[in-house]
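> Next comes the structure file final-v4.tsv, holding TSV, C-alpha atoms.
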chain	number	residue	atom	x	y	z
A	1	MET	CA	-0.35	3.72	-19.96
A	2	LEU	CA	-2.70	6.52	-20.88
A	3	ARG	CA	-0.96	9.20	-22.85
A	4	THR	CA	-1.84	12.83	-22.31
A	5	SER	CA	0.15	14.01	-25.31
A	6	SER	CA	1.98	12.85	-28.39
A	7	LYS	CA	5.06	10.63	-28.12
A	8	PRO	CA	7.73	13.34	-28.66
A	9	ALA	CA	5.98	15.68	-26.20
A	10	TYR	CA	5.69	12.82	-23.71
A	11	ASP	CA	9.37	12.00	-24.05
A	12	ALA	CA	10.42	15.62	-23.75
A	13	ARG	CA	8.37	16.14	-20.60
A	14	GLU	CA	9.61	12.85	-19.15
A	15	ALA	CA	13.24	13.84	-19.70
A	16	LYS	CA	12.72	17.30	-18.22
A	17	LEU	CA	10.72	16.20	-15.17
A	18	ARG	CA	13.06	13.31	-14.46
A	19	ALA	CA	16.18	15.46	-14.61
A	20	LEU	CA	14.60	17.95	-12.21
A	21	MET	CA	13.42	15.21	-9.86
A	22	VAL	CA	16.81	13.50	-9.78
A	23	ALA	CA	18.45	16.83	-8.92
A	24	ALA	CA	15.77	17.49	-6.29
A	25	LEU	CA	16.28	14.11	-4.61
A	26	ALA	CA	19.96	15.00	-4.33
A	27	GLY	CA	18.98	18.17	-2.46
A	28	ASP	CA	18.59	20.85	-5.14
A	29	ALA	CA	15.77	23.10	-3.85
A	30	ILE	CA	15.60	25.22	-7.00
A	31	ALA	CA	15.18	22.13	-9.16
A	32	TYR	CA	12.54	20.85	-6.74
A	33	ARG	CA	10.50	24.04	-7.05
A	34	ALA	CA	10.75	23.92	-10.85
A	35	PHE	CA	9.80	20.24	-10.77
A	36	LEU	CA	6.70	20.83	-8.65
A	37	ARG	CA	5.56	23.78	-10.81
A	38	GLU	CA	6.01	21.78	-13.98
A	39	LEU	CA	4.31	18.78	-12.39
A	40	ALA	CA	1.36	20.89	-11.20
A	41	ALA	CA	0.76	22.12	-14.75
A	42	HIS	CA	0.95	18.57	-16.08
A	43	LEU	CA	-1.35	17.19	-13.39
A	44	ARG	CA	-3.88	19.95	-14.04
A	45	ARG	CA	-4.18	18.66	-17.63
A	46	PHE	CA	-3.98	14.99	-16.67
A	47	LEU	CA	-6.69	15.27	-14.00
A	48	GLY	CA	-8.76	17.83	-15.91
A	49	LYS	CA	-9.29	15.31	-18.69
A	50	ARG	CA	-10.41	12.62	-16.27
A	51	LEU	CA	-12.46	14.64	-13.82
A	52	GLN	CA	-15.42	16.56	-15.12
A	53	GLY	CA	-15.73	18.69	-12.05
A	54	ARG	CA	-15.42	22.22	-10.82
A	55	PRO	CA	-11.98	23.75	-11.44
A	56	ASP	CA	-11.72	23.98	-7.64
A	57	ASP	CA	-11.98	20.21	-7.33
A	58	ILE	CA	-9.25	19.71	-9.92
A	59	GLU	CA	-6.97	22.17	-8.17
A	60	ASP	CA	-7.62	20.46	-4.81
A	61	LEU	CA	-6.70	17.16	-6.35
A	62	VAL	CA	-3.58	18.63	-7.99
A	63	GLN	CA	-2.50	19.84	-4.55
A	64	GLU	CA	-3.26	16.49	-2.98
A	65	CYS	CA	-1.10	14.81	-5.64
A	66	LEU	CA	1.76	17.26	-5.09
A	67	ILE	CA	1.75	16.46	-1.37
A	68	ALA	CA	1.59	12.73	-2.11
A	69	VAL	CA	4.50	13.04	-4.55
A	70	HIS	CA	6.47	14.83	-1.84
A	71	ASP	CA	5.57	12.43	0.97
A	72	LYS	CA	6.23	9.35	-1.17
A	73	ARG	CA	9.26	10.59	-3.12
A	74	GLN	CA	11.34	7.81	-1.57
A	75	THR	CA	9.36	5.30	-3.63
A	76	TYR	CA	10.69	6.79	-6.87
A	77	ASP	CA	13.65	4.84	-8.17
A	78	PRO	CA	15.79	7.21	-10.30
A	79	SER	CA	16.71	4.32	-12.58
A	80	GLN	CA	13.05	4.03	-13.61
A	81	PRO	CA	10.96	6.35	-15.82
A	82	LEU	CA	9.23	9.09	-13.83
A	83	THR	CA	5.97	9.54	-15.74
A	84	PRO	CA	4.48	6.11	-14.87
A	85	TRP	CA	5.30	6.79	-11.22
A	86	VAL	CA	3.59	10.17	-11.28
A	87	HIS	CA	0.58	8.86	-13.20
A	88	ALA	CA	0.16	5.92	-10.84
A	89	ILE	CA	0.06	8.30	-7.85
A	90	ALA	CA	-2.33	10.69	-9.62
A	91	GLY	CA	-4.54	7.75	-10.67
A	92	TYR	CA	-4.66	6.49	-7.09
A	93	LYS	CA	-5.58	9.92	-5.74
A	94	LEU	CA	-8.19	10.36	-8.48
A	95	ALA	CA	-9.80	7.01	-7.67
A	96	ASP	CA	-9.73	7.93	-3.99
A	97	HIS	CA	-11.41	11.26	-4.76
A	98	LEU	CA	-14.14	9.62	-6.85
A	99	ARG	CA	-14.78	7.01	-4.18
A	100	ARG	CA	-15.01	9.70	-1.50
A	101	ASN	CA	-17.47	11.73	-3.51
A	102	ALA	CA	-19.56	8.70	-4.40
A	103	ALA	CA	-19.75	7.81	-0.71
A	104	GLY	CA	-20.59	11.45	-0.02
A	105	THR	CA	-19.14	11.16	3.47
A	106	ILE	CA	-17.00	14.26	3.66
A	107	ALA	CA	-17.80	16.22	0.52
A	108	ARG	CA	-16.72	19.81	0.99
A	109	SER	CA	-20.12	21.06	-0.04
A	110	ASP	CA	-21.85	19.41	2.91
A	111	PHE	CA	-22.57	22.78	4.46
A	112	ASP	CA	-22.15	25.06	1.46
A	113	ASP	CA	-25.40	24.45	-0.31
A	114	GLU	CA	-27.82	24.54	2.60
A	115	PRO	CA	-29.67	27.80	3.19
A	116	ASP	CA	-28.24	29.02	6.45
A	117	GLU	CA	-31.12	30.03	8.67
A	118	ALA	CA	-28.95	30.97	11.59
A	119	ALA	CA	-27.08	33.48	9.44
A	120	SER	CA	-30.24	35.54	8.90
A	121	ASN	CA	-30.48	36.00	12.63
A	122	SER	CA	-27.35	37.60	14.03
A	123	GLN	CA	-28.13	36.60	17.63
A	124	GLY	CA	-28.67	32.99	16.54
A	125	ALA	CA	-25.48	33.07	14.50
A	126	ALA	CA	-23.43	34.29	17.44
A	127	ASP	CA	-24.92	31.55	19.66
A	128	ALA	CA	-24.25	28.94	17.03
A	129	ALA	CA	-20.64	30.06	16.60
A	130	ARG	CA	-20.10	29.93	20.37
A	131	ASP	CA	-21.65	26.47	20.56
A	132	VAL	CA	-19.50	25.18	17.73
A	133	ALA	CA	-16.36	26.62	19.31
A	134	LYS	CA	-17.26	25.02	22.66
A	135	LEU	CA	-17.95	21.63	21.10
A	136	LEU	CA	-14.85	21.77	18.90
A	137	ALA	CA	-12.66	22.51	21.90
A	138	ARG	CA	-13.60	19.11	23.29
A	139	LEU	CA	-12.16	17.27	20.28
A	140	PRO	CA	-8.53	16.12	20.16
A	141	ASP	CA	-6.22	18.19	17.92
A	142	ARG	CA	-6.08	15.56	15.18
A	143	GLN	CA	-9.84	15.96	14.69
A	144	ARG	CA	-10.29	19.61	15.71
A	145	LEU	CA	-7.63	21.09	13.42
A	146	PRO	CA	-8.78	19.36	10.22
A	147	ILE	CA	-12.39	20.46	10.87
A	148	LEU	CA	-11.26	23.97	11.72
A	149	HIS	CA	-9.18	24.34	8.55
A	150	VAL	CA	-11.35	22.50	6.05
A	151	LYS	CA	-14.90	22.96	7.27
A	152	LEU	CA	-14.69	26.38	8.92
A	153	GLN	CA	-11.87	28.16	7.12
A	154	GLY	CA	-12.56	26.56	3.76
A	155	LEU	CA	-9.08	25.22	3.01
A	156	SER	CA	-8.82	22.15	0.82
A	157	VAL	CA	-7.87	18.84	2.40
A	158	ALA	CA	-4.42	19.09	0.84
A	159	GLU	CA	-3.90	22.61	2.18
A	160	ALA	CA	-5.01	21.55	5.65
A	161	ALA	CA	-2.50	18.71	5.45
A	162	GLY	CA	0.19	21.22	4.53
A	163	VAL	CA	-0.75	23.57	7.39
A	164	THR	CA	-1.09	20.93	10.12
A	165	GLY	CA	1.71	18.63	8.98
A	166	LEU	CA	-0.74	15.72	9.05
A	167	SER	CA	-1.01	13.40	6.07
A	168	VAL	CA	-3.89	13.88	3.65
A	169	SER	CA	-5.59	10.70	4.79
A	170	ALA	CA	-5.14	11.68	8.45
A	171	VAL	CA	-6.92	14.97	7.70
A	172	LYS	CA	-9.79	13.14	6.00
A	173	ILE	CA	-10.07	10.63	8.83
A	174	GLY	CA	-9.90	13.45	11.39
A	175	ILE	CA	-12.76	15.30	9.72
A	176	HIS	CA	-14.83	12.17	9.42
A	177	ARG	CA	-14.37	11.04	13.02
A	178	GLY	CA	-14.55	14.58	14.37
A	179	LEU	CA	-17.89	15.27	12.68
A	180	LYS	CA	-19.19	11.95	13.99
A	181	ALA	CA	-18.06	12.86	17.50
A	182	LEU	CA	-19.65	16.33	17.20
A	183	ALA	CA	-22.90	14.79	16.02
A	184	ALA	CA	-22.84	12.46	19.01
A	185	MET	CA	-22.27	15.40	21.39
A	186	VAL	CA	-25.12	17.38	19.86
A	187	GLY	CA	-27.33	14.31	19.99
A	188	ARG	CA	-26.66	13.84	23.71
A	189	ARG	CA	-27.53	17.45	24.53
A	190	ALA	CA	-30.72	17.56	22.49
B	191	MET	CA	-3.86	28.54	-0.14
B	192	ASN	CA	-3.04	28.61	-3.81
B	193	THR	CA	-0.89	25.99	-5.46
B	194	ASP	CA	2.22	28.18	-5.71
B	195	ALA	CA	2.12	28.82	-1.96
B	196	LEU	CA	1.70	25.09	-1.35
B	197	ILE	CA	4.73	24.40	-3.55
B	198	ASP	CA	6.75	26.90	-1.50
B	199	ALA	CA	5.69	25.12	1.69
B	200	ILE	CA	6.65	21.74	0.24
B	201	VAL	CA	10.04	22.96	-0.99
B	202	ALA	CA	10.70	24.39	2.49
B	203	ARG	CA	10.33	20.88	3.93
B	204	GLY	CA	13.31	19.66	1.91
B	205	SER	CA	13.64	17.32	-1.03
B	206	VAL	CA	16.45	14.89	-0.21
B	207	ALA	CA	15.43	11.23	-0.37
B	208	LYS	CA	17.12	7.95	-1.13
B	209	THR	CA	15.38	4.99	-2.71
B	210	ARG	CA	18.08	2.84	-1.19
B	211	SER	CA	16.76	3.51	2.31
B	212	MET	CA	13.30	2.30	1.23
B	213	ARG	CA	14.83	-0.95	-0.01
B	214	ARG	CA	16.76	-1.31	3.23
B	215	GLN	CA	13.65	-0.73	5.36
B	216	TYR	CA	11.82	-3.42	3.44
B	217	ALA	CA	14.73	-5.85	3.76
B	218	VAL	CA	15.09	-5.17	7.49
B	219	ALA	CA	11.35	-5.67	8.07
B	220	LEU	CA	11.39	-8.89	6.05
B	221	PHE	CA	14.40	-10.17	7.99
B	222	ALA	CA	12.81	-9.31	11.35
B	223	GLY	CA	9.52	-11.01	10.47
B	224	THR	CA	11.31	-14.10	9.18
B	225	ALA	CA	13.46	-14.24	12.31
B	226	VAL	CA	10.34	-14.24	14.53
B	227	THR	CA	8.76	-16.99	12.43
B	228	ALA	CA	12.00	-19.02	12.56
B	229	LEU	CA	12.24	-18.64	16.36
B	230	VAL	CA	8.60	-19.66	16.83
B	231	THR	CA	9.11	-22.66	14.53
B	232	LEU	CA	12.31	-23.80	16.24
B	233	SER	CA	10.97	-23.35	19.77
B	234	THR	CA	7.55	-24.96	19.26
B	235	LEU	CA	7.96	-27.39	16.34
B	236	GLY	CA	11.70	-27.92	16.09
B	237	PRO	CA	13.57	-29.19	13.02
B	238	ARG	CA	12.47	-32.54	11.62
B	239	HIS	CA	13.77	-35.36	13.79
B	240	ASP	CA	15.67	-37.01	10.93
B	241	PHE	CA	17.18	-33.73	9.70
B	242	ALA	CA	20.67	-35.20	9.25
B	243	GLN	CA	19.39	-37.98	6.98
B	244	ALA	CA	16.97	-35.71	5.13
B	245	VAL	CA	19.69	-33.40	3.83
B	246	ALA	CA	21.08	-36.37	1.89
B	247	LEU	CA	17.84	-36.76	-0.09
B	248	PRO	CA	17.62	-34.84	-3.39
B	249	MET	CA	13.89	-34.21	-2.88
B	250	PHE	CA	14.62	-32.30	0.32
B	251	TRP	CA	16.59	-29.82	-1.77
B	252	VAL	CA	14.00	-29.73	-4.54
B	253	LYS	CA	11.39	-28.85	-1.95
B	254	LEU	CA	13.64	-26.20	-0.42
B	255	ALA	CA	14.38	-24.71	-3.85
B	256	PHE	CA	10.63	-24.66	-4.61
B	257	VAL	CA	9.63	-22.71	-1.50
B	258	ALA	CA	12.76	-20.52	-1.60
B	259	SER	CA	12.11	-19.41	-5.17
B	260	LEU	CA	8.45	-18.69	-4.35
B	261	ALA	CA	9.57	-16.68	-1.31
B	262	ILE	CA	12.07	-14.66	-3.36
B	263	LEU	CA	9.63	-14.00	-6.22
B	264	GLY	CA	6.82	-13.20	-3.77
B	265	THR	CA	8.81	-10.70	-1.73
B	266	LEU	CA	10.05	-9.07	-4.94
B	267	ALA	CA	6.48	-8.79	-6.29
B	268	ALA	CA	5.23	-7.38	-2.97
B	269	PHE	CA	8.06	-4.82	-2.92
B	270	ARG	CA	7.19	-3.68	-6.43
B	271	ALA	CA	3.50	-3.45	-5.52
B	272	GLY	CA	4.53	-0.77	-3.02
B	273	LEU	CA	6.16	1.37	-5.71
B	274	PRO	CA	3.82	3.43	-7.92
B	275	GLY	CA	4.04	2.61	-11.62
B	276	ARG	CA	6.09	-0.57	-11.21
B	277	ARG	CA	4.86	-3.74	-12.88
B	278	VAL	CA	4.53	-7.00	-10.97
B	279	SER	CA	3.82	-9.21	-13.98
B	280	ALA	CA	7.38	-10.60	-14.31
B	281	PRO	CA	7.64	-11.98	-10.75
B	282	LEU	CA	4.01	-13.15	-11.00
B	283	CYS	CA	4.80	-15.15	-14.15
B	284	GLY	CA	7.78	-16.61	-12.30
B	285	ILE	CA	5.52	-17.69	-9.43
B	286	VAL	CA	3.08	-19.37	-11.81
B	287	ALA	CA	5.97	-21.09	-13.63
B	288	VAL	CA	7.49	-22.43	-10.40
B	289	ALA	CA	4.12	-23.67	-9.13
B	290	GLY	CA	3.38	-25.19	-12.55
B	291	GLY	CA	6.74	-26.94	-12.52
B	292	MET	CA	5.97	-28.52	-9.15
B	293	TRP	CA	2.55	-29.65	-10.40
B	294	ILE	CA	4.13	-31.34	-13.42
B	295	VAL	CA	6.54	-33.21	-11.15
B	296	ALA	CA	3.60	-34.05	-8.85
B	297	CYS	CA	1.50	-35.43	-11.73
B	298	ALA	CA	4.45	-37.51	-12.95
B	299	ALA	CA	4.94	-38.92	-9.45
B	300	LEU	CA	1.25	-39.81	-9.18
B	301	VAL	CA	1.12	-41.44	-12.60
B	302	GLU	CA	4.26	-43.52	-11.98
B	303	SER	CA	3.18	-44.82	-8.59
B	304	PRO	CA	0.79	-47.75	-8.04
B	305	PRO	CA	-2.83	-46.60	-7.44
B	306	ALA	CA	-2.78	-47.77	-3.84
B	307	ALA	CA	0.14	-45.48	-3.01
B	308	ARG	CA	-1.32	-42.34	-4.60
B	309	ALA	CA	-3.40	-41.19	-1.67
B	310	GLY	CA	-0.33	-41.47	0.54
B	311	LEU	CA	1.71	-39.26	-1.83
B	312	LEU	CA	-0.99	-36.61	-1.84
B	313	LEU	CA	-1.99	-36.63	1.82
B	314	GLY	CA	1.21	-37.69	3.56
B	315	ASP	CA	0.86	-37.86	7.35
B	316	THR	CA	0.37	-34.16	8.01
B	317	TRP	CA	-2.02	-32.76	5.40
B	318	ARG	CA	-4.47	-31.65	8.08
B	319	THR	CA	-1.98	-29.41	9.87
B	320	CYS	CA	0.44	-28.32	7.12
B	321	PRO	CA	-1.56	-25.50	5.47
B	322	TRP	CA	-2.70	-24.07	8.81
B	323	LEU	CA	0.80	-24.09	10.28
B	324	VAL	CA	2.15	-22.36	7.16
B	325	ALA	CA	-0.66	-19.79	7.36
B	326	GLY	CA	-0.16	-19.23	11.09
B	327	LEU	CA	3.62	-18.90	10.77
B	328	SER	CA	3.12	-16.33	8.03
B	329	ILE	CA	1.58	-13.82	10.46
B	330	PRO	CA	4.85	-12.28	11.79
B	331	VAL	CA	6.19	-11.94	8.25
B	332	PHE	CA	2.91	-10.42	7.07
B	333	VAL	CA	2.93	-7.86	9.89
B	334	ALA	CA	6.52	-6.94	8.98
B	335	ILE	CA	5.88	-6.61	5.24
B	336	ALA	CA	2.63	-4.71	5.79
B	337	SER	CA	4.33	-2.23	8.14
B	338	ALA	CA	7.04	-1.61	5.53
B	339	MET	CA	4.37	-1.36	2.82
B	340	ARG	CA	2.50	1.32	4.76
B	341	ARG	CA	5.55	3.56	4.42
B	342	MET	CA	5.58	2.87	0.68
B	343	ALA	CA	2.85	3.88	-1.77
B	344	PRO	CA	0.77	0.93	-2.99
B	345	THR	CA	-1.56	2.26	-5.69
B	346	HIS	CA	-3.57	-0.98	-5.86
B	347	PRO	CA	-4.13	-1.78	-2.18
B	348	ARG	CA	-5.93	-5.07	-2.74
B	349	ARG	CA	-3.23	-6.38	-5.04
B	350	ALA	CA	-0.53	-5.13	-2.69
B	351	GLY	CA	-2.26	-6.89	0.22
B	352	ALA	CA	-2.54	-10.15	-1.71
B	353	LEU	CA	1.13	-10.05	-2.72
B	354	ALA	CA	2.23	-9.18	0.82
B	355	GLY	CA	0.15	-12.16	1.97
B	356	PHE	CA	1.66	-14.48	-0.62
B	357	ALA	CA	5.19	-13.30	0.17
B	358	SER	CA	4.65	-13.94	3.88
B	359	GLY	CA	3.07	-17.34	3.19
B	360	ALA	CA	5.95	-18.44	0.96
B	361	THR	CA	8.53	-17.19	3.48
B	362	ALA	CA	6.73	-19.05	6.28
B	363	ALA	CA	6.67	-22.18	4.10
B	364	LEU	CA	10.43	-21.87	3.61
B	365	VAL	CA	10.92	-21.85	7.39
B	366	TYR	CA	8.35	-24.61	7.91
B	367	ALA	CA	10.12	-26.81	5.34
B	368	PHE	CA	12.91	-27.41	7.89
B	369	HIS	CA	10.37	-28.94	10.26
B	370	CYS	CA	8.02	-30.67	7.83
B	371	PRO	CA	8.73	-34.39	7.26
B	372	GLU	CA	6.88	-34.59	3.91
B	373	LEU	CA	8.85	-34.88	0.69
B	374	ALA	CA	6.34	-36.05	-1.93
B	375	ALA	CA	5.81	-33.58	-4.78
B	376	PRO	CA	1.98	-34.01	-4.82
B	377	PHE	CA	1.88	-33.12	-1.12
B	378	ILE	CA	4.07	-30.04	-1.52
B	379	GLY	CA	2.29	-28.88	-4.67
B	380	THR	CA	-1.05	-29.06	-2.85
B	381	TRP	CA	-0.77	-28.32	0.86
B	382	TYR	CA	2.16	-25.91	0.80
B	383	VAL	CA	0.46	-23.94	-1.96
B	384	LEU	CA	-2.84	-23.93	-0.06
B	385	GLY	CA	-0.98	-22.75	3.04
B	386	MET	CA	0.40	-19.82	1.04
B	387	LEU	CA	-3.00	-19.02	-0.44
B	388	VAL	CA	-4.63	-18.51	2.98
B	389	PRO	CA	-2.51	-15.42	3.81
B	390	THR	CA	-2.81	-14.31	0.16
B	391	LEU	CA	-6.58	-14.21	0.53
B	392	ALA	CA	-6.37	-12.57	3.95
B	393	GLY	CA	-4.01	-9.95	2.51
B	394	ALA	CA	-6.38	-9.23	-0.36
B	395	LEU	CA	-9.18	-8.64	2.15
B	396	LEU	CA	-7.04	-6.49	4.47
B	397	GLY	CA	-5.18	-4.51	1.77
B	398	PRO	CA	-7.75	-1.78	1.17
B	399	ARG	CA	-7.98	-1.14	4.94
B	400	LEU	CA	-4.26	-1.32	5.69
B	401	PHE	CA	-2.86	0.63	2.77
B	402	ARG	CA	-4.53	4.01	2.61
B	403	TRP	CA	-2.43	7.08	2.07
Would it be possible to restate this file's structure as structure tokens?

Amino acid sequence: MLRTSSKPAYDAREAKLRALMVAALAGDAIAYRAFLRELAAHLRRFLGKRLQGRPDDIEDLVQECLIAVHDKRQTYDPSQPLTPWVHAIAGYKLADHLRRNAAGTIARSDFDDEPDEAASNSQGAADAARDVAKLLARLPDRQRLPILHVKLQGLSVAEAAGVTGLSVSAVKIGIHRGLKALAAMVGRRA
Amino acid sequence: MNTDALIDAIVARGSVAKTRSMRRQYAVALFAGTAVTALVTLSTLGPRHDFAQAVALPMFWVKLAFVASLAILGTLAAFRAGLPGRRVSAPLCGIVAVAGGMWIVACAALVESPPAARAGLLLGDTWRTCPWLVAGLSIPVFVAIASAMRRMAPTHPRRAGALAGFASGATAALVYAFHCPELAAPFIGTWYVLGMLVPTLAGALLGPRLFRW
């Protein structure tokens, strides 16, 4: 197991996080909030060391991990140490993130870096916005909402998952399929 | 949304959870899948025709103990593969030890028998169908384990798929053992194990597609 700190610090954090998590699983909301805050700080360091990216990317990933920890909290056995559980989830999400970026399928910056010609022409921009809204309306919710939140409003995937109540992977799949469907619609009209 | 706001949203969804219910879901799924496989086996293949005599033979029980221990170790390993941070090396070592034990018995049986009888010990009467029946019967158990696994959190999807496949293959072999007339150790060590390896391989191929979260 990769250590992010010295042995005594590791043990102290383990004991603290585990006590909070055990209380949280029994229904203690205050302990749960403290646990998630503490965990976020730890994950920021853990992921920061492994991901040489923009701070935004790291924070996105921290949020994704927090949601995964919440969604999968049933898989934590209180008789087992907590840190390996947390690190395994973070490692999985990190690998997933790297794979996604390598594939380049739904990188957030797809639209960010391109010079936006339509924006220089307010009439064109208004037309484009109307077209996008019309096309989006034809998508099912599970594709429309993720695109709306992530691609248009600029939320992270994890945030969109939090807002829509979908799982993180459902948001990613929704964006991917939705964009494909949009491209097909545009292709048919052209 | 910043992280603190996200944490507030998460806390608002509640934090109560019981690991016990995860274990129960897995056990229920495993039982359901095994029940389907047992029904299919009984209704299409039936128990071996000389079942009453077979239970008197020690080798029948050795064979049953072999597949039962592989099924138990396999389902335990698959369950652990669904829990982040849990090691599967202990049940895996157990699986290798049990298989190795059967191979030692098989080698001894081959060495002790006259050369003319060796092919019969290895091939029996049913070597062509045995691995495929075991693999086919593993499908209901695999579906059940995979559906339970999807609610868990396998951090190594390929490994989790392979172990789910092995667990379903070994469980199917346990059911199939009540039908199968073969009792020679070389046969069991070869064709039963091959029958379990087919779903193991299929699981390894399917894992990354099935277990994404």
> For region 162-170 of chain A, work out the shell of residues within 10 Å, counting all atoms listed in the file and skipping chain neighbours fewer than 6 positions away, then give it as a list in words.
Gln63, Glu64, Cys65, Ile67, Ala68, Asp71, Asp141, Arg142, Gln143, Leu145, Pro146, His149, Leu155, Ser156 and His176 of chain A; Met191, Leu196, Ile197, Ala199, Ile200, Arg402 and Trp403 of chain B
> When you get a sec, could you note down which chain A residues fall within 9 Å of chain B, using all atoms listed in the file, as an MDAnalysis selection string?
chainID A and resid 24:30 32:33 36:37 40 59:60 62:63 66:68 70 72:78 80:89 91:93 155:156 158:159 162:163 167:170
> For the atom pair CA of Ala95 (chain A) and CA of Arg340 (chain B), what is the interatomic distance in Å to one decimal place?
18.4 Å
> Which polymer residues have any atom within 7 Å of an atom of Gly359 (chain B), counting only C-alpha atoms, with same-chain residues fewer than 6 positions away left out, as number ranges by chain?
B: 324-325, 328, 385-386, 389
> Take every atom of region 341-357 of chain B listed in the file, pad by 6 Å on each side, and give me the axis-aligned box centre and edge lengths in Å, one decimal, as JSON.

{"center_x": -0.2, "center_y": -5.3, "center_z": -0.7, "size_x": 23.5, "size_y": 30.4, "size_z": 22.3}
> Would you mind reading off the distance between CA of Gly351 (chain B) and CA of Ala394 (chain B), one decimal, in Å?
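If I compute the distance from CA of Gly351 (chain B) to CA of Ala394 (chain B), I get 4.8 Å.
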> Extract, using only C-alpha atoms, all DNA, RNA and protein residues at most 10 Å from Leu179 (chain A), discarding same-chain residues fewer than 2 positions from it, and format them as a list in words.
Ile106, Leu136, Leu139, Gln143, Arg144, Ile147, Lys151, Ile173, Gly174, Ile175, His176, Arg177, Ala181, Leu182, Ala183, Ala184 and Met185 of chain A
> Go ahead and save the residues from that selection, with C-alpha atoms, as a PDB file, in the coordinates of the input.

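Output below, filename part04.pdb:
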ATOM      1  CA  ILE A 106     -17.000  14.260   3.660  1.00  0.00           C
ATOM      2  CA  LEU A 136     -14.850  21.770  18.900  1.00  0.00           C
ATOM      3  CA  LEU A 139     -12.160  17.270  20.280  1.00  0.00           C
ATOM      4  CA  GLN A 143      -9.840  15.960  14.690  1.00  0.00           C
ATOM      5  CA  ARG A 144     -10.290  19.610  15.710  1.00  0.00           C
ATOM      6  CA  ILE A 147     -12.390  20.460  10.870  1.00  0.00           C
ATOM      7  CA  LYS A 151     -14.900  22.960   7.270  1.00  0.00           C
ATOM      8  CA  ILE A 173     -10.070  10.630   8.830  1.00  0.00           C
ATOM      9  CA  GLY A 174      -9.900  13.450  11.390  1.00  0.00           C
ATOM     10  CA  ILE A 175     -12.760  15.300   9.720  1.00  0.00           C
ATOM     11  CA  HIS A 176     -14.830  12.170   9.420  1.00  0.00           C
ATOM     12  CA  ARG A 177     -14.370  11.040  13.020  1.00  0.00           C
ATOM     13  CA  ALA A 181     -18.060  12.860  17.500  1.00  0.00           C
ATOM     14  CA  LEU A 182     -19.650  16.330  17.200  1.00  0.00           C
ATOM     15  CA  ALA A 183     -22.900  14.790  16.020  1.00  0.00           C
ATOM     16  CA  ALA A 184     -22.840  12.460  19.010  1.00  0.00           C
ATOM     17  CA  MET A 185     -22.270  15.400  21.390  1.00  0.00           C
TER      18      MET A 185
END
> One number please: CA of Arg214 (chain B) to CA of Leu395 (chain B), in Å, one decimal.
27.0 Å
> Could you give me, as a list in words, the residues that have an atom at most 10 Å away from the point (11.6, -25.7, -1.6) in the coordinates of the file, using only C-alpha atoms?
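Within the cut-off we find Met249, Phe250, Trp251, Val252, Lys253, Leu254, Ala255, Phe256, Val257, Ala258, Ser259, Leu260, Ala261, Met292, Ala360, Ala363, Leu364, Val365, Ala367, Phe368, Leu373, Ile378 and Tyr382 of chain B.
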> As a PyMOL selection string, please: the residues near Ala289 (chain B) (cut-off 9 Å, all atoms listed in the file, same-chain neighbours under 2 positions excluded).
chain B and resi 256+260+284-287+291-294+379+383
> Between B:Val226, B:Trp317, B:Val245, B:Gly264, which one has atoms that come closest to Phe356 (chain B), using all atoms listed in the file?
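Closest residue, counting all atoms listed in the file: B:Gly264.
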> Counting all atoms listed in the file, which residue out of B:Leu323, B:Ile329, B:Ala298, B:Ala350 sits closest to Cys370 (chain B)?
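Among the listed residues, the smallest separation from Cys370 (chain B) belongs to B:Leu323.
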